[in-house]
file coords_25.cif (mmCIF, C-alpha atoms)
data_coords
#
loop_
_atom_site.label_atom_id
_atom_site.label_comp_id
_atom_site.auth_asym_id
_atom_site.auth_seq_id
_atom_site.Cartn_x
_atom_site.Cartn_y
_atom_site.Cartn_z
CA MET Q 988 152.42 4.84 -57.41
CA ASP Q 989 150.77 2.49 -54.91
CA LEU Q 990 148.37 0.09 -56.67
CA SER Q 991 145.53 0.69 -54.20
CA LEU Q 992 145.83 4.46 -54.65
CA PHE Q 993 145.89 4.06 -58.46
CA ILE Q 994 142.71 1.97 -58.48
CA ALA Q 995 140.97 4.33 -56.04
CA ARG Q 996 141.77 7.31 -58.25
CA ARG Q 997 140.39 5.54 -61.32
CA LEU Q 998 137.19 4.75 -59.42
CA TYR Q 999 136.89 8.32 -58.20
CA ARG Q 1000 137.48 9.81 -61.66
CA GLY Q 1001 135.43 7.22 -63.55
CA GLU Q 1002 133.08 8.47 -66.22
CA GLY Q 1003 129.90 7.10 -67.81
CA LYS Q 1004 129.15 3.52 -66.79
CA GLU Q 1005 131.98 3.57 -64.25
CA LYS Q 1006 130.16 6.20 -62.28
CA LEU Q 1007 128.55 4.96 -59.11
CA VAL Q 1008 124.93 3.87 -59.19
CA SER Q 1009 124.88 4.74 -55.49
CA ARG Q 1010 125.46 8.41 -56.21
CA PRO Q 1011 122.70 9.63 -53.82
CA ALA Q 1012 124.34 7.81 -50.90
CA VAL Q 1013 127.72 9.29 -51.80
CA LEU Q 1014 126.25 12.79 -52.08
CA ILE Q 1015 124.58 12.37 -48.69
CA ALA Q 1016 127.89 11.26 -47.18
CA MET Q 1017 129.79 14.21 -48.67
CA THR Q 1018 127.01 16.59 -47.61
CA GLY Q 1019 127.26 15.24 -44.07
CA ILE Q 1020 131.00 15.91 -44.05
CA ALA Q 1021 130.53 19.40 -45.51
CA ILE Q 1022 127.77 20.45 -43.12
CA GLY Q 1023 129.51 18.92 -40.13
CA LEU Q 1024 132.80 20.70 -40.83
CA ALA Q 1025 131.03 23.99 -41.64
CA VAL Q 1026 129.15 23.86 -38.32
CA MET Q 1027 132.39 23.12 -36.47
CA ILE Q 1028 134.21 26.03 -38.13
CA VAL Q 1029 131.39 28.46 -37.39
CA SER Q 1030 131.04 27.22 -33.79
CA VAL Q 1031 134.74 27.52 -33.00
CA ALA Q 1032 134.98 30.91 -34.77
CA VAL Q 1033 132.00 32.33 -32.86
CA ILE Q 1034 133.03 31.04 -29.43
CA THR Q 1035 136.66 32.08 -29.99
CA GLY Q 1036 135.50 35.51 -31.13
CA PHE Q 1037 133.13 35.84 -28.20
CA LYS Q 1038 135.81 34.94 -25.66
CA GLY Q 1039 138.25 37.30 -27.35
CA GLU Q 1040 135.79 40.22 -27.29
CA ILE Q 1041 134.99 39.76 -23.59
CA ARG Q 1042 138.66 39.37 -22.69
CA ASP Q 1043 139.67 42.46 -24.68
CA LYS Q 1044 137.03 44.58 -22.95
CA ILE Q 1045 138.13 43.47 -19.49
CA VAL Q 1046 141.77 44.11 -20.39
CA GLY Q 1047 140.79 47.47 -21.92
CA PHE Q 1048 139.34 48.70 -18.65
CA GLY Q 1049 142.10 47.40 -16.37
CA SER Q 1050 144.98 46.05 -18.51
CA HIS Q 1051 146.49 42.57 -18.07
CA LEU Q 1052 148.02 43.11 -14.63
CA GLN Q 1053 147.53 45.57 -11.82
CA ILE Q 1054 150.05 46.43 -9.12
CA THR Q 1055 148.40 47.90 -6.04
CA ASN Q 1056 148.94 48.33 -2.32
CA LEU Q 1057 148.84 45.02 -0.45
CA GLU Q 1058 146.30 46.54 1.95
CA THR Q 1059 143.83 47.38 -0.82
CA ALA Q 1060 140.66 45.38 -0.15
CA SER Q 1061 138.69 46.20 -3.32
CA ILE Q 1062 138.45 48.69 -6.16
CA TYR Q 1063 136.19 50.80 -3.93
CA ASP Q 1064 138.61 50.90 -0.97
CA THR Q 1065 142.08 51.71 -2.26
CA HIS Q 1066 145.29 52.49 -0.46
CA PRO Q 1067 147.92 54.53 -2.30
CA VAL Q 1068 151.29 53.39 -3.55
CA SER Q 1069 154.23 55.53 -4.55
CA VAL Q 1070 156.05 54.75 -7.76
CA ASP Q 1071 159.81 55.28 -7.51
CA SER Q 1072 162.59 54.68 -10.02
CA THR Q 1073 163.31 51.20 -8.64
CA LEU Q 1074 159.82 49.94 -9.45
CA TRP Q 1075 159.74 51.65 -12.85
CA HIS Q 1076 163.10 50.12 -13.78
CA LEU Q 1077 162.00 46.66 -12.63
CA LEU Q 1078 158.85 46.77 -14.74
CA ASN Q 1079 160.38 48.28 -17.86
CA GLU Q 1080 163.23 45.74 -17.85
CA ASN Q 1081 160.80 42.80 -17.79
CA PRO Q 1082 160.64 41.24 -21.29
CA ASP Q 1083 156.91 40.44 -20.93
CA VAL Q 1084 155.90 44.04 -20.19
CA ALA Q 1085 154.77 46.22 -23.11
CA HIS Q 1086 153.46 49.28 -21.28
CA VAL Q 1087 152.98 50.60 -17.73
CA GLN Q 1088 150.47 53.30 -16.78
CA ARG Q 1089 149.29 54.96 -13.57
CA TYR Q 1090 145.74 55.30 -12.33
CA SER Q 1091 143.74 56.23 -9.23
CA THR Q 1092 140.11 55.60 -8.30
CA LYS Q 1093 137.51 57.16 -6.04
CA ALA Q 1094 134.06 55.76 -5.32
CA GLY Q 1095 131.25 58.29 -5.47
CA MET Q 1096 127.76 59.07 -6.65
CA LEU Q 1097 126.32 60.92 -9.62
CA LYS Q 1098 123.17 62.89 -8.84
CA THR Q 1099 120.81 64.66 -11.20
CA ALA Q 1100 117.52 66.39 -10.54
CA ASP Q 1101 115.60 63.17 -11.15
CA SER Q 1102 117.88 60.31 -10.17
CA PHE Q 1103 121.23 59.18 -8.81
CA GLN Q 1104 123.83 56.58 -9.80
CA GLY Q 1105 126.76 54.98 -8.00
CA MET Q 1106 130.05 55.28 -9.87
CA LEU Q 1107 133.80 54.82 -9.68
CA LEU Q 1108 135.80 57.81 -10.80
CA LYS Q 1109 139.02 56.68 -12.49
CA GLY Q 1110 141.84 59.15 -12.87
CA ILE Q 1111 144.39 58.73 -15.63
CA ALA Q 1112 147.39 60.76 -16.76
CA GLN Q 1113 149.40 61.44 -19.88
CA ASP Q 1114 151.14 58.05 -19.71
CA TYR Q 1115 147.82 56.19 -20.02
CA ASP Q 1116 147.11 54.35 -23.29
CA THR Q 1117 143.66 55.65 -24.26
CA ASP Q 1118 143.25 53.62 -27.48
CA PHE Q 1119 140.57 51.42 -25.91
CA PHE Q 1120 138.35 54.34 -24.93
CA ARG Q 1121 139.05 56.09 -28.22
CA GLN Q 1122 137.90 53.03 -30.19
CA HIS Q 1123 134.62 52.90 -28.27
CA LEU Q 1124 133.94 56.66 -28.26
CA VAL Q 1125 130.51 57.37 -29.74
CA GLU Q 1126 130.17 61.10 -29.02
CA GLY Q 1127 132.42 63.98 -28.07
CA GLU Q 1128 136.16 63.69 -27.66
CA LEU Q 1129 138.76 62.26 -25.31
CA PRO Q 1130 140.42 65.08 -23.35
CA CYS Q 1131 144.15 65.17 -22.67
CA PHE Q 1132 144.15 64.07 -19.03
CA THR Q 1133 147.25 64.83 -16.93
CA ASP Q 1134 148.52 64.50 -13.37
CA SER Q 1135 149.15 68.22 -12.88
CA VAL Q 1136 146.00 70.07 -13.98
CA ALA Q 1137 142.32 69.60 -13.19
CA THR Q 1138 140.41 69.45 -16.47
CA ASN Q 1139 136.94 69.31 -14.84
CA GLN Q 1140 135.96 67.02 -17.72
CA VAL Q 1141 134.76 63.44 -17.58
CA LEU Q 1142 134.14 60.52 -19.90
CA ILE Q 1143 130.93 58.55 -19.22
CA SER Q 1144 129.33 55.53 -20.83
CA GLN Q 1145 126.35 55.51 -23.17
CA THR Q 1146 124.53 53.29 -20.65
CA VAL Q 1147 124.81 55.92 -17.90
CA ALA Q 1148 124.01 58.74 -20.31
CA ASP Q 1149 120.77 57.04 -21.39
CA LYS Q 1150 119.80 56.12 -17.85
CA MET Q 1151 120.46 59.59 -16.44
CA ASN Q 1152 119.34 61.50 -19.56
CA LEU Q 1153 122.76 63.09 -20.07
CA HIS Q 1154 124.32 64.41 -23.27
CA PHE Q 1155 127.63 65.64 -24.55
CA GLY Q 1156 128.47 69.01 -22.97
CA ASP Q 1157 126.13 68.63 -19.96
CA LYS Q 1158 127.24 69.62 -16.48
CA ILE Q 1159 127.01 66.86 -13.86
CA ASP Q 1160 127.40 66.93 -10.08
CA THR Q 1161 129.23 64.10 -8.32
CA TYR Q 1162 129.56 63.49 -4.57
CA TYR Q 1163 132.19 61.64 -2.52
CA ILE Q 1164 132.04 60.60 1.10
CA GLN Q 1165 135.20 60.45 3.17
CA ASP Q 1166 135.46 62.41 6.42
CA ASN Q 1167 132.74 64.60 4.99
CA VAL Q 1168 130.79 64.93 1.76
CA ARG Q 1169 132.73 66.49 -1.08
CA ALA Q 1170 131.27 67.58 -4.40
CA ARG Q 1171 132.77 67.99 -7.84
CA ARG Q 1172 131.15 69.35 -10.98
CA PHE Q 1173 132.27 67.97 -14.32
CA THR Q 1174 131.48 68.60 -17.97
CA VAL Q 1175 130.66 65.55 -20.07
CA ALA Q 1176 133.49 65.69 -22.63
CA GLY Q 1177 132.77 62.35 -24.27
CA ILE Q 1178 130.53 59.30 -24.22
CA TYR Q 1179 131.81 55.78 -24.81
CA SER Q 1180 130.02 52.47 -25.30
CA THR Q 1181 131.55 48.99 -24.91
CA ASN Q 1182 128.26 47.13 -24.22
CA PHE Q 1183 130.00 45.60 -21.20
CA ALA Q 1184 127.36 46.51 -18.64
CA GLU Q 1185 129.34 45.69 -15.48
CA TYR Q 1186 131.99 48.27 -16.33
CA ASP Q 1187 129.94 50.70 -18.42
CA ASN Q 1188 127.69 51.30 -15.43
CA LEU Q 1189 130.68 51.79 -13.15
CA PHE Q 1190 133.56 53.75 -14.65
CA PHE Q 1191 133.76 57.50 -15.14
CA VAL Q 1192 137.11 58.67 -16.49
CA THR Q 1193 138.81 61.95 -15.61
CA ASP Q 1194 142.30 63.28 -14.87
CA LEU Q 1195 144.59 61.75 -12.26
CA TYR Q 1196 145.11 65.11 -10.55
CA THR Q 1197 141.45 65.48 -9.59
CA VAL Q 1198 141.11 61.94 -8.21
CA ASN Q 1199 144.29 62.27 -6.14
CA ARG Q 1200 142.99 65.52 -4.63
CA LEU Q 1201 139.68 63.86 -3.77
CA ASN Q 1202 141.65 61.10 -2.02
CA ASN Q 1203 143.84 63.68 -0.19
CA TRP Q 1204 146.95 61.97 -1.53
CA GLN Q 1205 150.37 63.43 -2.08
CA ALA Q 1206 151.52 64.24 -5.58
CA ASP Q 1207 153.66 61.09 -5.95
CA PHE Q 1208 150.86 58.72 -4.84
CA VAL Q 1209 148.62 56.74 -7.17
CA GLY Q 1210 146.01 54.04 -6.70
CA GLY Q 1211 148.10 51.54 -8.66
CA LEU Q 1212 149.83 50.62 -11.88
CA GLU Q 1213 148.30 48.85 -14.87
CA VAL Q 1214 150.68 46.63 -16.82
CA ARG Q 1215 150.02 45.56 -20.40
CA LEU Q 1216 151.83 42.47 -21.69
CA HIS Q 1217 153.13 41.63 -25.13
CA ASP Q 1218 151.43 38.23 -25.13
CA TYR Q 1219 148.22 37.29 -23.29
CA ALA Q 1220 149.38 33.66 -23.21
CA ARG Q 1221 152.06 34.77 -20.75
CA LEU Q 1222 149.49 36.16 -18.30
CA GLU Q 1223 149.93 33.51 -15.60
CA GLY Q 1224 153.70 33.29 -15.93
CA ALA Q 1225 154.17 37.06 -15.95
CA THR Q 1226 151.95 37.41 -12.88
CA TRP Q 1227 154.12 35.03 -10.87
CA ASP Q 1228 157.35 36.57 -12.17
CA LEU Q 1229 156.35 40.12 -11.25
CA ALA Q 1230 154.89 39.03 -7.91
CA ALA Q 1231 158.20 37.39 -7.02
CA ALA Q 1232 160.14 40.45 -8.21
CA VAL Q 1233 158.19 42.97 -6.07
CA GLU Q 1234 157.79 40.71 -3.04
CA GLY Q 1235 160.80 42.10 -1.22
CA ILE Q 1236 160.35 45.70 -2.35
CA THR Q 1237 158.75 48.39 -0.20
CA GLY Q 1238 157.84 51.86 -1.35
CA PRO Q 1239 159.34 55.08 -0.01
CA TYR Q 1240 156.54 55.25 2.57
CA GLY Q 1241 156.75 51.60 3.62
CA GLU Q 1242 153.92 50.32 1.42
CA ARG Q 1243 154.13 46.79 -0.02
CA TYR Q 1244 153.07 45.86 -3.53
CA PHE Q 1245 150.52 43.29 -4.66
CA VAL Q 1246 150.26 41.88 -8.22
CA CYS Q 1247 146.92 40.69 -9.58
CA ASN Q 1248 145.89 39.79 -13.13
CA ALA Q 1249 142.63 40.28 -15.01
CA GLU Q 1250 141.49 36.69 -14.57
CA GLN Q 1251 142.04 36.83 -10.80
CA GLN Q 1252 140.06 40.06 -10.58
CA ASN Q 1253 137.13 38.67 -12.59
CA PRO Q 1254 136.95 34.96 -11.66
CA GLN Q 1255 133.22 34.59 -12.35
CA ILE Q 1256 133.45 35.97 -15.88
CA PHE Q 1257 136.50 33.90 -16.83
CA ALA Q 1258 134.98 30.78 -15.26
CA TRP Q 1259 131.93 31.37 -17.45
CA LEU Q 1260 134.16 31.77 -20.51
CA GLY Q 1261 135.89 28.52 -19.55
CA VAL Q 1262 132.55 26.71 -19.67
CA LEU Q 1263 132.26 27.70 -23.32
CA ASP Q 1264 135.22 25.44 -24.07
CA VAL Q 1265 133.07 22.49 -23.00
CA ASN Q 1266 130.44 23.57 -25.52
CA ILE Q 1267 133.07 23.57 -28.27
CA TRP Q 1268 134.13 19.99 -27.51
CA VAL Q 1269 130.53 18.80 -27.37
CA ILE Q 1270 129.78 20.36 -30.76
CA LEU Q 1271 132.97 18.93 -32.27
CA ALA Q 1272 132.16 15.45 -30.98
CA LEU Q 1273 128.58 15.54 -32.25
CA MET Q 1274 129.41 16.92 -35.68
CA THR Q 1275 132.36 14.56 -36.16
CA GLY Q 1276 130.14 11.65 -35.18
CA VAL Q 1277 127.43 12.66 -37.63
CA ALA Q 1278 129.94 13.12 -40.45
CA GLY Q 1279 131.63 9.80 -39.67
CA PHE Q 1280 128.42 7.80 -39.56
CA THR Q 1281 127.21 9.21 -42.87
CA MET Q 1282 130.53 8.17 -44.41
CA ILE Q 1283 130.17 4.67 -42.91
CA SER Q 1284 126.77 4.36 -44.57
CA GLY Q 1285 128.18 5.54 -47.89
CA LEU Q 1286 131.16 3.17 -47.67
CA LEU Q 1287 128.96 0.14 -46.97
CA ILE Q 1288 126.77 0.96 -49.95
CA ILE Q 1289 129.84 1.40 -52.15
CA ILE Q 1290 131.28 -1.94 -51.01
CA ILE Q 1291 128.01 -3.74 -51.71
CA GLU Q 1292 127.79 -2.10 -55.13
CA ARG Q 1293 131.39 -3.02 -55.98
CA THR Q 1294 131.17 -6.62 -54.81
CA SER Q 1295 131.88 -7.95 -58.30
CA MET Q 1296 134.94 -5.73 -58.61
CA ILE Q 1297 136.17 -6.96 -55.22
CA GLY Q 1298 135.76 -10.56 -56.42
CA ILE Q 1299 137.72 -9.87 -59.62
CA LEU Q 1300 140.58 -8.23 -57.70
CA LYS Q 1301 140.77 -11.14 -55.30
CA SER Q 1302 140.68 -13.69 -58.14
CA LEU Q 1303 143.65 -11.88 -59.68
CA GLY Q 1304 145.60 -12.32 -56.44
CA ALA Q 1305 144.86 -9.11 -54.55
CA GLY Q 1306 144.78 -9.57 -50.80
CA ASN Q 1307 142.18 -8.23 -48.40
CA GLY Q 1308 144.56 -5.52 -47.26
CA LEU Q 1309 145.03 -4.12 -50.76
CA VAL Q 1310 141.30 -4.11 -51.50
CA ARG Q 1311 140.57 -2.45 -48.14
CA ARG Q 1312 143.10 0.28 -48.95
CA VAL Q 1313 141.41 0.87 -52.30
CA PHE Q 1314 138.12 1.69 -50.63
CA LEU Q 1315 139.76 3.66 -47.84
CA TRP Q 1316 141.61 5.81 -50.39
CA PHE Q 1317 138.35 6.22 -52.30
CA SER Q 1318 136.67 7.35 -49.06
CA VAL Q 1319 139.50 9.83 -48.42
CA PHE Q 1320 138.80 11.43 -51.83
CA LEU Q 1321 135.10 11.74 -50.97
CA ILE Q 1322 135.86 13.12 -47.50
CA GLY Q 1323 138.29 15.60 -49.03
CA ARG Q 1324 135.68 16.91 -51.44
CA GLY Q 1325 133.18 17.26 -48.60
CA MET Q 1326 135.77 19.07 -46.48
CA VAL Q 1327 136.48 21.54 -49.30
CA TRP Q 1328 132.80 22.48 -49.43
CA GLY Q 1329 132.66 22.54 -45.63
CA ASN Q 1330 135.51 25.04 -45.50
CA VAL Q 1331 133.92 27.16 -48.22
CA LEU Q 1332 130.57 27.27 -46.39
CA GLY Q 1333 132.04 27.84 -42.93
CA LEU Q 1334 134.52 30.53 -43.94
CA ALA Q 1335 131.93 32.25 -46.15
CA PHE Q 1336 129.57 32.56 -43.20
CA CYS Q 1337 132.38 33.90 -41.00
CA GLY Q 1338 133.39 36.41 -43.67
CA ILE Q 1339 129.84 37.65 -44.19
CA GLN Q 1340 129.31 38.04 -40.45
CA TYR Q 1341 132.67 39.75 -39.91
CA PHE Q 1342 132.17 42.37 -42.60
CA THR Q 1343 128.40 42.93 -42.32
CA GLY Q 1344 127.43 41.94 -38.76
CA VAL Q 1345 124.13 40.66 -40.15
CA PHE Q 1346 123.46 38.53 -37.06
CA SER Q 1347 122.88 40.73 -34.02
CA LEU Q 1348 122.80 40.11 -30.28
CA ASP Q 1349 121.14 41.73 -27.30
CA PRO Q 1350 124.03 43.69 -25.69
CA GLU Q 1351 122.36 43.57 -22.26
CA ASN Q 1352 122.74 39.78 -22.20
CA TYR Q 1353 125.78 39.11 -24.39
CA TYR Q 1354 127.94 42.26 -23.84
CA MET Q 1355 128.06 42.94 -27.60
CA ASP Q 1356 125.59 43.89 -30.29
CA THR Q 1357 126.69 41.51 -33.09
CA VAL Q 1358 127.85 37.90 -33.23
CA PRO Q 1359 131.68 38.00 -33.14
CA VAL Q 1360 133.80 35.70 -35.28
CA SER Q 1361 137.53 35.05 -35.10
CA VAL Q 1362 139.26 32.66 -37.52
CA GLY Q 1363 142.70 31.39 -36.61
CA LEU Q 1364 144.88 29.47 -39.07
CA GLY Q 1365 146.16 27.16 -36.34
CA TRP Q 1366 142.83 25.80 -35.11
CA LEU Q 1367 141.46 25.75 -38.68
CA VAL Q 1368 144.25 23.41 -39.80
CA LEU Q 1369 143.82 21.23 -36.70
CA LEU Q 1370 140.06 21.07 -37.25
CA ASN Q 1371 140.49 19.89 -40.84
CA ALA Q 1372 143.18 17.39 -39.95
CA GLY Q 1373 141.15 16.06 -37.02
CA THR Q 1374 138.02 15.69 -39.15
CA LEU Q 1375 139.93 13.75 -41.80
CA LEU Q 1376 141.68 11.46 -39.33
CA VAL Q 1377 138.59 10.72 -37.24
CA SER Q 1378 136.44 10.08 -40.31
CA VAL Q 1379 138.98 7.67 -41.82
CA ALA Q 1380 139.46 5.96 -38.45
CA MET Q 1381 135.71 5.37 -38.20
CA LEU Q 1382 135.82 3.66 -41.61
CA LEU Q 1383 138.50 1.13 -40.65
CA GLY Q 1384 136.02 -1.20 -38.94
CA PRO Q 1385 133.43 -1.32 -41.74
CA SER Q 1386 136.19 -1.85 -44.31
CA TYR Q 1387 136.84 -5.32 -42.82
CA LEU Q 1388 133.57 -6.39 -44.45
CA ILE Q 1389 135.67 -6.84 -47.59
CA ALA Q 1390 137.41 -9.85 -46.04
CA ARG Q 1391 134.09 -11.70 -45.94
CA ILE Q 1392 133.51 -11.36 -49.68
CA ARG Q 1393 134.81 -14.38 -51.62
CA PRO Q 1394 135.36 -14.43 -55.40
CA SER Q 1395 132.84 -17.28 -55.79
CA ASP Q 1396 130.15 -15.33 -53.92
CA SER Q 1397 130.72 -12.22 -56.05
CA MET Q 1398 129.52 -14.12 -59.14
CA ARG Q 1399 125.98 -13.88 -57.83
CA TYR Q 1400 126.06 -10.10 -58.36
CA GLU Q 1401 126.87 -10.35 -62.07
#

call {"tool": "encode", "arguments": {"input": "coords_25.cif", "output": "structure tokens"}}
result
Amino acid sequence: MDLSLFIARRLYRGEGKEKLVSRPAVLIAMTGIAIGLAVMIVSVAVITGFKGEIRDKIVGFGSHLQITNLETASIYDTHPVSVDSTLWHLLNENPDVAHVQRYSTKAGMLKTADSFQGMLLKGIAQDYDTDFFRQHLVEGELPCFTDSVATNQVLISQTVADKMNLHFGDKIDTYYIQDNVRARRFTVAGIYSTNFAEYDNLFFVTDLYTVNRLNNWQADFVGGLEVRLHDYARLEGATWDLAAAVEGITGPYGERYFVCNAEQQNPQIFAWLGVLDVNIWVILALMTGVAGFTMISGLLIIIIERTSMIGILKSLGAGNGLVRRVFLWFSVFLIGRGMVWGNVLGLAFCGIQYFTGVFSLDPENYYMDTVPVSVGLGWLVLLNAGTLLVSVAMLLGPSYLIARIRPSDSMRYE
């Protein structure tokens, strides 16, 4: 065993008179490490969870990628595309693609006796993955929507239901303007709530058949395709791959395809989420600095207290490097204990919040009603390793104070 490590372990495990007189300073240093690491774990877990929740809700409403007509200007002004076997085969053979589903949209207005509300009617069929809406269903049921039968049923959000005083089973009248005004009456079959106001206020969900008839489209037309990927990390790469694949393809009616991903469709929201990464780095820098400086203070006090020991080691032939390593190893033991408590505190908070949701949020401002947390093993290991390395690195400079202590001077401290 290395001599410096052996001595450091004896100092760390010393009992009785060998215990440090400077125990308060050491406890403060370890507390600084523990609190700093706990704050970093909670901060990263909350911001990661928040970004994940927002991203999942955006993807839930529109999937990872959308393939539409190149002439489509916005979600309110769609041009149809036809989906033939060539396009289906191209998408299903792509290794990044997990699921493909059809949809159509029609902008309209909901009117009651007291008020009115703009809306976007989204038609889906039997190939649509409805798990997202099912998870957020708060009342009623999710009908079996198809592309061949009009169900005359609709799924609305809790936000719209509260605003328009609607309930499960109510009849609602919707109006659509094209060449003339067209009306459709639906029954509220279910009410969902995602707390994502931008989309909750907008989307009404019904069958694909009804929306296509409102658009006066042929049976093989749809507003577009939604593509779900196996891995979100492949979003950018998959977008470019599919865009290149469909670039030279035209539909049976001469339409050209356009590929767009969720981040391109919602640039403001994802830019805002990107700003949160800056907050993470600021918090990490501040907390690491606080933890490091408390350890520097503790190390200096320990060195001063152990001046006589340093003199004895040097008089026995120990070099400055060996003595410095003794105190650095000793500091590593203290940092390690502080990090253990920091992990316990940070992960305990995350666990309590995850299972109880004790800390709530205003859904109108934060798009969710509780503080989200998401703990990943990868960033947790990196956070611990980074804290240890940075803290030890900050102690290298102060440890050179040992070189200035001479054996003759240490006699004064006896």

call {"tool": "closest_atom_pairs", "arguments": {"input": "coords_25.cif", "of": "segment 1203-1262 of chain Q", "to": "segment 1110-1126 of chain Q", "cutoff": "10 Å", "atoms": "only C-alpha atoms", "output": "Markdown table"}}
result
| residue | atom | partner | partner_atom | distance |
| --- | --- | --- | --- | --- |
| Q:Val1209 | CA | Q:Gly1110 | CA | 9.2 |
| Q:Gly1210 | CA | Q:Gly1110 | CA | 9.0 |
| Q:Glu1213 | CA | Q:Tyr1115 | CA | 9.0 |
| Q:Arg1215 | CA | Q:Asp1116 | CA | 9.7 |

call {"tool": "closest_atom_pairs", "arguments": {"input": "coords_25.cif", "of": "segment 1236-1286 of chain Q", "to": "segment 1380-1387 of chain Q", "cutoff": "9 Å", "atoms": "only C-alpha atoms", "output": "tab-separated table"}}
result
residue	atom	partner	partner_atom	distance
Q:Gly1276	CA	Q:Met1381	CA	8.9
Q:Gly1279	CA	Q:Met1381	CA	6.2
Q:Phe1280	CA	Q:Met1381	CA	7.8
Q:Met1282	CA	Q:Leu1382	CA	7.5
Q:Ile1283	CA	Q:Leu1382	CA	5.9
Q:Leu1286	CA	Q:Leu1382	CA	7.7

call {"tool": "resolve_selection", "arguments": {"input": "coords_25.cif", "expression": "the PyMOL selection byres ((chain Q and resi 1345) around 12)", "output": "PyMOL selection string"}}
result
chain Q and resi 1336-1344+1346-1348+1356-1360

call {"tool": "residues_around", "arguments": {"input": "coords_25.cif", "residues": "segment 1224-1237 of chain Q", "least_positions_apart": "4", "cutoff": "9 Å", "atoms": "all atoms listed in the file", "output": "tab-separated table (two decimals) with C-alpha atoms, keeping the file's coordinate frame"}}
result
chain	number	residue	atom	x	y	z
Q	1052	LEU	CA	148.02	43.11	-14.63
Q	1054	ILE	CA	150.05	46.43	-9.12
Q	1073	THR	CA	163.31	51.20	-8.64
Q	1074	LEU	CA	159.82	49.94	-9.45
Q	1077	LEU	CA	162.00	46.66	-12.63
Q	1078	LEU	CA	158.85	46.77	-14.74
Q	1081	ASN	CA	160.80	42.80	-17.79
Q	1083	ASP	CA	156.91	40.44	-20.93
Q	1084	VAL	CA	155.90	44.04	-20.19
Q	1216	LEU	CA	151.83	42.47	-21.69
Q	1220	ALA	CA	149.38	33.66	-23.21
Q	1241	GLY	CA	156.75	51.60	3.62
Q	1242	GLU	CA	153.92	50.32	1.42
Q	1243	ARG	CA	154.13	46.79	-0.02
Q	1244	TYR	CA	153.07	45.86	-3.53
Q	1245	PHE	CA	150.52	43.29	-4.66
Q	1246	VAL	CA	150.26	41.88	-8.22
Q	1247	CYS	CA	146.92	40.69	-9.58
Q	1248	ASN	CA	145.89	39.79	-13.13

call {"tool": "atom_distance", "arguments": {"input": "coords_25.cif", "atom1": "atom CA of Ile1015 of chain Q", "atom2": "atom CA of Thr1281 of chain Q"}}
result
7.1 Å

call {"tool": "closest_residue", "arguments": {"input": "coords_25.cif", "among": "Q:Asn1167, Q:Ser1135, Q:Asn1266, Q:Ser991", "to": "Leu1309 of chain Q", "atoms": "all atoms listed in the file"}}
result
Q:Ser991

call {"tool": "resolve_selection", "arguments": {"input": "coords_25.cif", "expression": "the PyMOL selection byres ((chain Q and resi 1069) around 8)", "output": "ChimeraX atom specification"}}
result
/Q:1067-1068,1070-1071,1207-1209,1238-1240,1242

call {"tool": "resolve_selection", "arguments": {"input": "coords_25.cif", "expression": "the PyMOL selection byres ((chain Q and resi 1177) around 8)", "output": "list of chain:residue names"}}
result
Q:Leu1124, Q:Val1125, Q:Glu1126, Q:Gly1127, Q:Glu1128, Q:Leu1129, Q:Val1141, Q:Leu1142, Q:Ile1143, Q:Phe1155, Q:Val1175, Q:Ala1176, Q:Ile1178, Q:Tyr1179

call {"tool": "atom_distance", "arguments": {"input": "coords_25.cif", "atom1": "atom CA of Thr1161 of chain Q", "atom2": "atom CA of His1066 of chain Q"}}
result
21.3 Å

call {"tool": "residues_around", "arguments": {"input": "coords_25.cif", "residues": "Gly1105 of chain Q", "least_positions_apart": "2", "cutoff": "9 Å", "atoms": "only C-alpha atoms", "output": "PyMOL selection string"}}
result
chain Q and resi 1094-1098+1103+1107+1188-1189

call {"tool": "decode", "arguments": {"input": "coords_25.cif", "residues": "segment 1288-1302 of chain Q", "atoms": "C-alpha atoms", "output": "PDB file, in the first residue's frame"}}
result
ATOM      1  CA  ILE Q1288      -7.033  24.381   9.205  1.00  0.00           C
ATOM      2  CA  ILE Q1289      -6.014  20.713   9.163  1.00  0.00           C
ATOM      3  CA  ILE Q1290      -2.529  21.572   7.868  1.00  0.00           C
ATOM      4  CA  ILE Q1291      -2.043  24.211  10.553  1.00  0.00           C
ATOM      5  CA  GLU Q1292      -3.237  21.789  13.222  1.00  0.00           C
ATOM      6  CA  ARG Q1293      -0.934  19.020  11.975  1.00  0.00           C
ATOM      7  CA  THR Q1294       2.160  21.195  11.645  1.00  0.00           C
ATOM      8  CA  SER Q1295       4.049  19.165  14.236  1.00  0.00           C
ATOM      9  CA  MET Q1296       3.203  15.930  12.429  1.00  0.00           C
ATOM     10  CA  ILE Q1297       4.415  17.453   9.155  1.00  0.00           C
ATOM     11  CA  GLY Q1298       7.697  18.397  10.846  1.00  0.00           C
ATOM     12  CA  ILE Q1299       8.172  14.871  12.216  1.00  0.00           C
ATOM     13  CA  LEU Q1300       7.532  13.297   8.802  1.00  0.00           C
ATOM     14  CA  LYS Q1301      10.010  15.627   7.152  1.00  0.00           C
ATOM     15  CA  SER Q1302      12.638  15.001   9.847  1.00  0.00           C
TER      16      SER Q1302
END
